[in-house]
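Read through the structure below, which is laid out as structure tokens, and then see the notes.
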Amino acid sequence: MAQIYIKSLRYAKTSFYEVCSTLSPFLGIFSSFKNKISDDSNWMKKSKFVQLNTIDVSEDPVRPELDLEWRKSFGKKIFGLQYNDEILAVVCLAFTNDVPHTVRELDLMSQVSQYKKNANIAVAYTVWSKKKGAGKKIMEEVREYAKIKDLKRVVTLSPLTPMATHYHIRNEARLIRLNASTQNFEYNLKNK
């Protein structure tokens, strides 16, 4: 019985080495795949939150009707998540002292807040990304920006779509108001 066991161990050992030697050309592929995955996750750590002077508004899947001039008027700002020379995500922010229900209210509130210099809320009225994970990362950066600028809240003016709802809930925002044509989510600014 012991001889059978020893022979089967030798056979198993030989078979294992044969399989490994047969697969060795493919192991290089797996290691390069592993390196690619590692490189792909490094972009998140090395990306930068930058203010943008211009964007192609036709790339905006949420509010392409808002022109560049409107997006930069009355203190509104455009930010991007940059890795190397590529913009991976974009968010457009307005600064108000109340939560708007519509784009028209957003515009009026940002005008008043700039005139009175009393804005304490960052309103993300559009956000989109070109890379998986970049949308979440840019909203984390918006929250950090709001803390640095001593803003009290980060809210959204989002369309009534399942995609927008799922996006914000997945990114730990909570629904604070459901409007006739929009919805508002709020992001927590307190440290986790």
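All residue names refer to the structure tokens as shown: chains lettered A, B, ... in order, residues numbered from 1 in each chain, ligands numbered from 1 in order.
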* **Spatial neighbours of A:Asp60, max dist 12 Å, only C-alpha atoms, sep filter under 5 positions, as a VMD selection string** => chain A and resid 55 65 to 68 71 78 89 to 92 125 to 130
Keeping N, CA and C atoms, export the residues of the selection given above as a PDB file, in the first residue's frame.
```
ATOM      1  N   ILE A  55     -14.037  73.328 -21.306  1.00  0.00           N
ATOM      2  CA  ILE A  55     -14.417  71.935 -21.537  1.00  0.00           C
ATOM      3  C   ILE A  55     -15.259  71.890 -22.806  1.00  0.00           C
ATOM      4  N   GLU A  65     -26.918  71.399 -22.627  1.00  0.00           N
ATOM      5  CA  GLU A  65     -27.518  72.657 -23.087  1.00  0.00           C
ATOM      6  C   GLU A  65     -26.901  73.887 -22.417  1.00  0.00           C
ATOM      7  N   LEU A  66     -26.176  73.694 -21.317  1.00  0.00           N
ATOM      8  CA  LEU A  66     -25.562  74.825 -20.615  1.00  0.00           C
ATOM      9  C   LEU A  66     -24.210  75.132 -21.247  1.00  0.00           C
ATOM     10  N   ASP A  67     -24.082  76.342 -21.792  1.00  0.00           N
ATOM     11  CA  ASP A  67     -22.844  76.688 -22.489  1.00  0.00           C
ATOM     12  C   ASP A  67     -21.716  77.003 -21.509  1.00  0.00           C
ATOM     13  N   LEU A  68     -20.514  77.106 -22.043  1.00  0.00           N
ATOM     14  CA  LEU A  68     -19.313  77.321 -21.236  1.00  0.00           C
ATOM     15  C   LEU A  68     -19.385  78.645 -20.478  1.00  0.00           C
ATOM     16  N   ARG A  71     -21.504  78.278 -17.413  1.00  0.00           N
ATOM     17  CA  ARG A  71     -20.843  77.435 -16.404  1.00  0.00           C
ATOM     18  C   ARG A  71     -19.745  78.188 -15.646  1.00  0.00           C
ATOM     19  N   ILE A  78     -15.601  75.036 -12.844  1.00  0.00           N
ATOM     20  CA  ILE A  78     -15.514  73.720 -13.464  1.00  0.00           C
ATOM     21  C   ILE A  78     -14.222  73.068 -12.971  1.00  0.00           C
ATOM     22  N   ALA A  89     -12.565  62.873 -15.230  1.00  0.00           N
ATOM     23  CA  ALA A  89     -13.906  63.202 -14.757  1.00  0.00           C
ATOM     24  C   ALA A  89     -14.039  64.718 -14.686  1.00  0.00           C
ATOM     25  N   VAL A  90     -15.278  65.183 -14.762  1.00  0.00           N
ATOM     26  CA  VAL A  90     -15.572  66.619 -14.709  1.00  0.00           C
ATOM     27  C   VAL A  90     -16.748  66.835 -13.766  1.00  0.00           C
ATOM     28  N   VAL A  91     -16.677  67.897 -12.972  1.00  0.00           N
ATOM     29  CA  VAL A  91     -17.805  68.321 -12.143  1.00  0.00           C
ATOM     30  C   VAL A  91     -17.938  69.838 -12.289  1.00  0.00           C
ATOM     31  N   CYS A  92     -19.166  70.305 -12.415  1.00  0.00           N
ATOM     32  CA  CYS A  92     -19.442  71.735 -12.480  1.00  0.00           C
ATOM     33  C   CYS A  92     -20.148  72.128 -11.191  1.00  0.00           C
ATOM     34  N   TYR A 125     -24.027  70.542 -10.126  1.00  0.00           N
ATOM     35  CA  TYR A 125     -25.185  70.442 -11.014  1.00  0.00           C
ATOM     36  C   TYR A 125     -24.932  69.534 -12.207  1.00  0.00           C
ATOM     37  N   THR A 126     -23.690  69.129 -12.414  1.00  0.00           N
ATOM     38  CA  THR A 126     -23.398  68.096 -13.404  1.00  0.00           C
ATOM     39  C   THR A 126     -22.067  67.450 -13.059  1.00  0.00           C
ATOM     40  N   VAL A 127     -22.010  66.153 -13.257  1.00  0.00           N
ATOM     41  CA  VAL A 127     -20.770  65.394 -13.040  1.00  0.00           C
ATOM     42  C   VAL A 127     -20.770  64.220 -14.016  1.00  0.00           C
ATOM     43  N   TRP A 128     -19.620  63.992 -14.635  1.00  0.00           N
ATOM     44  CA  TRP A 128     -19.491  62.825 -15.500  1.00  0.00           C
ATOM     45  C   TRP A 128     -18.053  62.347 -15.492  1.00  0.00           C
ATOM     46  N   SER A 129     -17.877  61.082 -15.862  1.00  0.00           N
ATOM     47  CA  SER A 129     -16.529  60.521 -15.867  1.00  0.00           C
ATOM     48  C   SER A 129     -16.302  59.688 -17.115  1.00  0.00           C
ATOM     49  N   LYS A 130     -15.022  59.526 -17.422  1.00  0.00           N
ATOM     50  CA  LYS A 130     -14.609  58.750 -18.590  1.00  0.00           C
ATOM     51  C   LYS A 130     -13.944  57.444 -18.184  1.00  0.00           C
TER      52      LYS A 130
END
```
* To do: Find the residues near A:Gln183: any atom within 10 Å, counting only C-alpha atoms, skip ones fewer than 4 places away on the same chain, and give them as a count of residues only.
  => 17
* To do: Calculate how many Å separate atom CA of A:Leu151 from atom CA of A:Arg104, rounding to one decimal.
  => 22.0 Å
* Using DSSP on the backbone coordinates, identify all residues within stretch 22-175 of chain A classified as helix (DSSP H, G or I); present the result as a PyMOL selection string. => chain A and resi 22-46+57-59+68-72+103-116+134-148+162-170
* To do: Check the DSSP output for the backbone and give back, as number ranges by chain, the residues of stretch 34-159 of chain A in strand (DSSP E).
  => A: 48-51, 77-83, 86-96, 121-129, 153-156, 158-159
Using only C-alpha atoms, please write the residues we just selected to a file, as a short mmCIF file (atom, residue, chain, number, x, y, z; two decimals), in the first residue's frame.
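The resulting file, again_20.cif, is shown below:
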```cif
data_model
loop_
_atom_site.label_atom_id
_atom_site.label_comp_id
_atom_site.auth_asym_id
_atom_site.auth_seq_id
_atom_site.Cartn_x
_atom_site.Cartn_y
_atom_site.Cartn_z
CA LYS A 48 -5.20 65.73 -9.27
CA PHE A 49 -8.28 67.86 -8.69
CA VAL A 50 -7.79 70.84 -11.00
CA GLN A 51 -9.86 73.84 -12.01
CA LYS A 77 -16.49 76.75 -11.44
CA ILE A 78 -15.51 73.72 -13.46
CA PHE A 79 -13.17 71.10 -12.01
CA GLY A 80 -11.57 68.04 -13.49
CA LEU A 81 -9.82 64.95 -12.22
CA GLN A 82 -6.53 64.93 -14.10
CA TYR A 83 -4.14 62.01 -14.50
CA GLU A 86 -5.94 63.32 -19.45
CA ILE A 87 -9.13 64.54 -17.76
CA LEU A 88 -10.87 61.48 -16.32
CA ALA A 89 -13.91 63.20 -14.76
CA VAL A 90 -15.57 66.62 -14.71
CA VAL A 91 -17.81 68.32 -12.14
CA CYS A 92 -19.44 71.73 -12.48
CA LEU A 93 -20.16 73.63 -9.26
CA ALA A 94 -22.23 76.65 -8.36
CA PHE A 95 -22.06 78.33 -4.98
CA THR A 96 -25.27 79.37 -3.23
CA ILE A 121 -23.19 75.55 -0.25
CA ALA A 122 -21.43 73.94 -3.21
CA VAL A 123 -24.01 72.68 -5.69
CA ALA A 124 -22.79 69.99 -8.11
CA TYR A 125 -25.18 70.44 -11.01
CA THR A 126 -23.40 68.10 -13.40
CA VAL A 127 -20.77 65.39 -13.04
CA TRP A 128 -19.49 62.83 -15.50
CA SER A 129 -16.53 60.52 -15.87
CA ARG A 153 -22.73 71.68 2.55
CA VAL A 154 -22.24 69.85 -0.74
CA VAL A 155 -25.51 69.13 -2.53
CA THR A 156 -26.49 68.18 -6.05
CA SER A 158 -29.53 66.03 -10.31
CA PRO A 159 -31.92 64.90 -13.04
#
```
* Within 9 Å of A:Gln111 using only C-alpha atoms, minus same-chain residues under 4 positions, as a list of chain:residue names -> A:Ser73, A:Phe74, A:Gly75, A:Phe95, A:Thr96, A:Leu106, A:Asp107, A:Tyr115, A:Lys116
Please produce a file of the residues just selected, as an mmCIF file, in the first residue's frame, where the atoms kept are C-alpha atoms.
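Listing of again_9.cif after writing:
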```
data_model
loop_
_atom_site.group_PDB
_atom_site.id
_atom_site.type_symbol
_atom_site.label_atom_id
_atom_site.label_comp_id
_atom_site.auth_asym_id
_atom_site.auth_seq_id
_atom_site.Cartn_x
_atom_site.Cartn_y
_atom_site.Cartn_z
ATOM 1 C CA SER A 73 -20.539 82.999 -14.699
ATOM 2 C CA PHE A 74 -21.342 84.358 -11.221
ATOM 3 C CA GLY A 75 -18.644 82.402 -9.424
ATOM 4 C CA PHE A 95 -22.063 78.334 -4.980
ATOM 5 C CA THR A 96 -25.272 79.373 -3.225
ATOM 6 C CA LEU A 106 -29.460 77.695 -9.338
ATOM 7 C CA ASP A 107 -28.474 80.545 -11.642
ATOM 8 C CA TYR A 115 -23.305 89.714 -4.981
ATOM 9 C CA LYS A 116 -23.833 89.270 -1.215
#
```
* For A:His168, which of A:Ser181, A:Tyr145, A:Lys152, A:Lys136 is the closest residue, counting only C-alpha atoms? -> A:Lys136
